[in-house]
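Since the structure comes first, as structure tokens, the remarks are kept for the end.
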Amino acid sequence: MDDELIIGIDLGTTHSLVGVVDSGFPLVLADEKGERLLPSCVSWPAGQPPLVGTGAMRARVLAPDRTVSSIKRFMGRTFADLSPAEIEETPYRLVPGGRGEILVQLDEQTLVTPEEVSALILGRLRETAAQALEQPAGRAVVTVPAYFNHSQREATRKAAELAGLRVERILNEPTAAALAYGLDRLGEAATVAVYDLGGGTFDLSVLQMREGFFEVIATAGDTRLGGDDLDLALARHFADALGLGDLSGSEAAALRLRAREAKETLSNEERVTVRLPFFRDGESYELELTRERFERLALSLIERTAPICRRAFAEAAEKGAGKIDRLILVGGSTRIPLVREKLHEWFGLDPDLSQHPDEAVALGAAIQAGMLCGRVRQILLVDVTPLSLGIETFGGLMNVIIPRNSTIPVKAGELFTNAVDGQESMAIRVLQGERELAKDNWLLGEVVLPFAPGPKGSARVGVQFSINRDGILEVLARDTATGEDHVLEIRNAAVDVEDEAIERMIGESIDFAFEDMNERIWTEAKLKSEELLPAVDEALAAVGNRLPVEDREAIAAAAEAVRSVLASETHDAKALKSANAALDEATQTLAALLVEAAFEGVGP
Ligand code: ADP
Ligand code: MG
């Protein structure tokens with residue numbers, strides 16, 4: 001099973017693509033007509049099987065209400081989430097389902113879910129791959145925007161499953177794009193900005209290379225800004241310029257199609273002739289459009305991306321990112337020359353243009369897929385533990401076993417012992433988080449390991465954490481005396497944590513670093529005092545009579561000092577440490593006497 005092919009899929013709002021690593025090279029696959037970009041569009045002609053892709057796009061003019069495009073906008077969201085404008089502007093009918101989910105109503109009888117629509121697109125890509133590669137494709141890496149939340153990601157996964165694909169990894173689009181540009185070979189701490197302007201959405205993500213993998217450190221965007229808006233503005237301009245007045249539904253659709261073609265042509269040419277043959281009542285229309293005129297229309301839209309970029313850059317800077325080392329452009333709309341000019345003007349950044357902006361995400365998905373199925377030798381590290389994992393130790397401290405940002409799969413362990421005499425069991429509390437104290441982290445699970453009671457330090461418990469490729473954490477606790485194992489399996493929690501929760505946890509660990517550190521030192525010093533005080537009492541009882549009275553008084557005073565700091569409510573870690581040290585110092589002679597006495601056979 002493991003050497004079976006894995007394909008990489010960019011499931012886009014406007015276009016979807018499929019790629020694979022073949023003979024060591026990542027490539028985007030073409031369908032039987034030679035097309036590599038599949039329009040993310042599905043149409044249901046009455047009484048016929050659904051059309052997917054270009055066929056569906058053509059059907060849109062005839063049956064706009066039975067044709068679904070941009071379904072990605074509705075994946076994993078609830079009907080209550082939708083703004084009135086979103087419902088209004090969607091050319092097909094959206095209705096709420098029984099669980100508050102969004103459904104598309106095609107006619108009286110037919111309802112489809114966003115997952116089902118996406119599954120048809122994914123199914124088509126799967127067929128394209130199977131045809132091109134002459135072998136079935138059952139496993140995939142699928143990309144999603146960095147800002148997608150858990151339920152949007154889950155909906156994507158479900159759509160793939162409906163299409164008969166097992167999802168090996170959900171990958172962030174900007175990370176995929178960076179992989180396609182080979183930016184994983186940039187040095188440590190390199191900062192990459194990914195500017196993605198597609199058909200319907202814009203987002204800017206800042207990634208940072210940390211310990212060999214990319215981390216999305218900031219992302220900002222506008223889910224209602226893209227090339228479609230330019231098409232609309234241009235179509236409106238055509239209608240005005242030609243004095244067309246009110247447009248019918250299919251006239252509007254046809255005009256938008258022509259607008260889009262003109263727009264795309266103007267990325268390479270200075271002017272274009274737009275023709276509308278037999279547009280209305282057998283009459284044809286024609287008009288000239290220059291790039292300069294188009295740019296005047298497009299400017300305000302493109303300018304809307306500037307404050308979004310600034311927001312993401314500021315957020316990245318707050319998180320310690322330095323200057324942007326590389327800018328990459330993703331999404332078909334970044335082919336517009338004005339976008340590049342503006343990025344240069346605003347930020348002095350010139351993009352790396354070595355890849356096609358509309359294929360980069362799919363290529364990156366293919367590379368990630370290739371790595372997963374062993375078709376790419378070089379190990380790139382992209383999946384990591386978002387937060388540290390560990391167990392609670394004596395005194396309520398967090399003992400980290402697998403640090404945050406460890407690449408998975410990963411295995412690590414430590415040996416623990418009983419902290420008190422006669423202890424009969426050890427509770428292993430599995431924690432996740434960045435805080436020093438156990439109680440401030442999240443409890444993922446707990447097992448109790450019984451062992452034979454014995455003196456302090458006699459029991460030996462090995463604790464091993466291992467996280468497999470699927471992100472499942474297995475905690476193995478073994479009593480090394482008996483070899484008895486206890487296993488605790490924790491599904492997904494180890495790796496699948498909401499980005500927001502991670503940010504909060506990390507933010508808090510920084511905010512509270514000072515207090516946390518003091519608390520940790522205090523707890524450690526307190527454990528030391530609790531060990532020291534009874535030992536001193538025991539030694540005094542055994543051999544104290546051999547000491548001069550001043551020495552005994554000094555020891556008593558030092559012990560008293562430790563007790564009084566311990567009793568204070570301020571948790572002054574520094575004071576406790578120095579009191580411990582003073583007690584240690586004062587008992588040097590006593591300790592030596594104790595050793596002597598042991599040799600004489602009269603000791604305790
Ligand atoms: P998505 O990620 O949303 O699926 P794409 O990356 O496929 O989007 O981008 C689609 C958008 O790119 C469309 O609005 C399309 O018109 C636009 N586009 C494609 N090629 C060009 C071009 N040469 N010039 C301008 N815009 C283009
Ligand atoms: Mg895209």
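Labels used: A, B, ... for chains in the order of the structure tokens, numbers from 1 for residues in each chain, and numbers from 1 for ligands as shown.
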
DSSP says strand (DSSP E) for which residues of segment 2-179 of chain A? Put them as a PyMOL selection string?
chain A and resi 6-11+15-22+25-28+38-39+41-43+51-52+67-69+93-96+102-105+111-112+139-144+166-172

Atoms kept (C-alpha atoms) for selection, written as a PDB file, in the first residue's frame:
ATOM      1  CA  ILE A   6      -0.287   9.889  -3.977  1.00  0.00           C
ATOM      2  CA  ILE A   7      -1.551  12.815  -6.026  1.00  0.00           C
ATOM      3  CA  GLY A   8      -1.491  16.503  -5.096  1.00  0.00           C
ATOM      4  CA  ILE A   9      -4.633  18.575  -5.549  1.00  0.00           C
ATOM      5  CA  ASP A  10      -5.232  22.328  -5.549  1.00  0.00           C
ATOM      6  CA  LEU A  11      -8.981  22.552  -4.959  1.00  0.00           C
ATOM      7  CA  HIS A  15      -9.862  26.439 -10.886  1.00  0.00           C
ATOM      8  CA  SER A  16      -8.688  23.110  -9.592  1.00  0.00           C
ATOM      9  CA  LEU A  17      -5.592  21.214 -10.629  1.00  0.00           C
ATOM     10  CA  VAL A  18      -3.951  17.876 -10.016  1.00  0.00           C
ATOM     11  CA  GLY A  19      -0.240  17.120  -9.955  1.00  0.00           C
ATOM     12  CA  VAL A  20       2.133  14.318  -9.227  1.00  0.00           C
ATOM     13  CA  VAL A  21       5.843  13.670  -8.952  1.00  0.00           C
ATOM     14  CA  ASP A  22       6.884  11.565 -11.902  1.00  0.00           C
ATOM     15  CA  PHE A  25       9.862  15.849 -11.348  1.00  0.00           C
ATOM     16  CA  PRO A  26       6.720  17.482 -10.075  1.00  0.00           C
ATOM     17  CA  LEU A  27       4.204  18.204 -12.808  1.00  0.00           C
ATOM     18  CA  VAL A  28       0.652  19.344 -13.282  1.00  0.00           C
ATOM     19  CA  LEU A  38     -10.243  22.530 -14.458  1.00  0.00           C
ATOM     20  CA  PRO A  39     -12.872  25.215 -13.833  1.00  0.00           C
ATOM     21  CA  CYS A  41     -17.796  24.424 -11.788  1.00  0.00           C
ATOM     22  CA  VAL A  42     -20.543  21.782 -11.851  1.00  0.00           C
ATOM     23  CA  SER A  43     -23.824  21.951 -13.768  1.00  0.00           C
ATOM     24  CA  LEU A  51     -21.191  18.244 -16.132  1.00  0.00           C
ATOM     25  CA  VAL A  52     -17.907  19.206 -14.522  1.00  0.00           C
ATOM     26  CA  THR A  67     -24.819  25.628 -12.286  1.00  0.00           C
ATOM     27  CA  VAL A  68     -22.621  25.832  -9.235  1.00  0.00           C
ATOM     28  CA  SER A  69     -19.317  27.681  -9.174  1.00  0.00           C
ATOM     29  CA  ARG A  93     -30.055  29.056  -4.626  1.00  0.00           C
ATOM     30  CA  LEU A  94     -28.717  28.468  -1.126  1.00  0.00           C
ATOM     31  CA  VAL A  95     -30.953  27.072   1.606  1.00  0.00           C
ATOM     32  CA  PRO A  96     -30.358  25.999   5.209  1.00  0.00           C
ATOM     33  CA  ILE A 102     -25.634  25.163   3.709  1.00  0.00           C
ATOM     34  CA  LEU A 103     -27.395  23.334   0.885  1.00  0.00           C
ATOM     35  CA  VAL A 104     -27.643  24.171  -2.795  1.00  0.00           C
ATOM     36  CA  GLN A 105     -31.155  23.819  -4.171  1.00  0.00           C
ATOM     37  CA  LEU A 111     -30.526  19.445  -2.937  1.00  0.00           C
ATOM     38  CA  VAL A 112     -26.765  19.023  -2.932  1.00  0.00           C
ATOM     39  CA  ARG A 139      -4.660   8.854  -2.127  1.00  0.00           C
ATOM     40  CA  ALA A 140      -4.183  12.592  -2.173  1.00  0.00           C
ATOM     41  CA  VAL A 141      -2.714  15.665  -0.569  1.00  0.00           C
ATOM     42  CA  VAL A 142      -5.291  18.449  -0.791  1.00  0.00           C
ATOM     43  CA  THR A 143      -4.540  22.130  -0.233  1.00  0.00           C
ATOM     44  CA  VAL A 144      -6.686  24.665   1.625  1.00  0.00           C
ATOM     45  CA  ARG A 166      -7.964   9.066   1.011  1.00  0.00           C
ATOM     46  CA  VAL A 167      -6.546  12.350   2.256  1.00  0.00           C
ATOM     47  CA  GLU A 168      -2.960  11.862   3.338  1.00  0.00           C
ATOM     48  CA  ARG A 169      -2.446  15.470   4.251  1.00  0.00           C
ATOM     49  CA  ILE A 170      -4.294  18.755   4.253  1.00  0.00           C
ATOM     50  CA  LEU A 171      -1.680  21.320   3.268  1.00  0.00           C
ATOM     51  CA  ASN A 172      -1.839  25.105   3.486  1.00  0.00           C
TER      52      ASN A 172
END

If you run DSSP on the backbone, which residues of segment 326-371 of chain A are alpha helix (DSSP H), as a PyMOL selection string?
chain A and resi 337-347+360-371

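Straight-line separation from atom CA of Leu547 of chain A to atom CA of Thr589 of chain A: 8.2 Å.
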
Using only C-alpha atoms: which of A:Ile217, A:Leu297, A:Leu165, A:Ile336 has the shortest distance to Gly198 of chain A
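Ranking A:Ile217, A:Leu297, A:Leu165, A:Ile336 by distance to Gly198 of chain A, first place goes to A:Ile336.
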
When you count only C-alpha atoms and all ligand atoms, which of these residues is closest to ligand 2: A:Val361, A:Ala539, A:Ala419, A:Val61?
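For ligand 2, the nearest of the given residues is A:Val361.
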
Counting only C-alpha atoms and all ligand atoms, which residues in chain A sit no more than 8 Å from ligand 1? For each one, give the nearest pair of atoms and the distance in Å, sorted by chain then residue number, as a tab-separated table.
residue	atom	partner	partner_atom_place_in_ligand_line	distance
A:Leu11	CA	ligand 1	4 (O)	7.2
A:Gly12	CA	ligand 1	4 (O)	3.6
A:Thr13	CA	ligand 1	4 (O)	4.0
A:Thr14	CA	ligand 1	4 (O)	3.4
A:His15	CA	ligand 1	4 (O)	4.0
A:Ser16	CA	ligand 1	4 (O)	6.2
A:Leu37	CA	ligand 1	7 (O)	7.4
A:Pro39	CA	ligand 1	4 (O)	7.9
A:Ser40	CA	ligand 1	4 (O)	7.3
A:Ser70	CA	ligand 1	3 (O)	8.0
A:Asp196	CA	ligand 1	6 (O)	7.6
A:Leu197	CA	ligand 1	6 (O)	6.8
A:Gly198	CA	ligand 1	8 (O)	3.5
A:Gly199	CA	ligand 1	14 (O)	3.5
A:Gly200	CA	ligand 1	3 (O)	5.3
A:Thr201	CA	ligand 1	3 (O)	6.0
A:Gly226	CA	ligand 1	14 (O)	6.3
A:Gly227	CA	ligand 1	14 (O)	3.4
A:Asp228	CA	ligand 1	14 (O)	5.0
A:Asp229	CA	ligand 1	14 (O)	8.0
A:Leu230	CA	ligand 1	14 (O)	7.6
A:Asp231	CA	ligand 1	14 (O)	7.3
A:Arg260	CA	ligand 1	16 (O)	5.4
A:Glu261	CA	ligand 1	16 (O)	7.3
A:Lys263	CA	ligand 1	25 (C)	5.6
A:Glu264	CA	ligand 1	24 (N)	3.6
A:Thr265	CA	ligand 1	23 (N)	6.3
A:Leu266	CA	ligand 1	24 (N)	6.9
A:Ser267	CA	ligand 1	24 (N)	4.8
A:Asn268	CA	ligand 1	23 (N)	7.2
A:Val330	CA	ligand 1	6 (O)	6.6
A:Gly331	CA	ligand 1	6 (O)	3.1
A:Gly332	CA	ligand 1	12 (O)	3.2
A:Ser333	CA	ligand 1	26 (N)	3.9
A:Thr334	CA	ligand 1	26 (N)	6.7
A:Arg335	CA	ligand 1	24 (N)	4.7
A:Ile336	CA	ligand 1	25 (C)	4.8
A:Pro357	CA	ligand 1	6 (O)	7.0
A:Asp358	CA	ligand 1	6 (O)	4.6
A:Glu359	CA	ligand 1	6 (O)	7.7

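Between Glu215 of chain A and the residues A:Gln355, A:Thr110, A:Thr385, A:Thr78, the shortest atom-to-atom distance, using only C-alpha atoms, involves A:Thr385.
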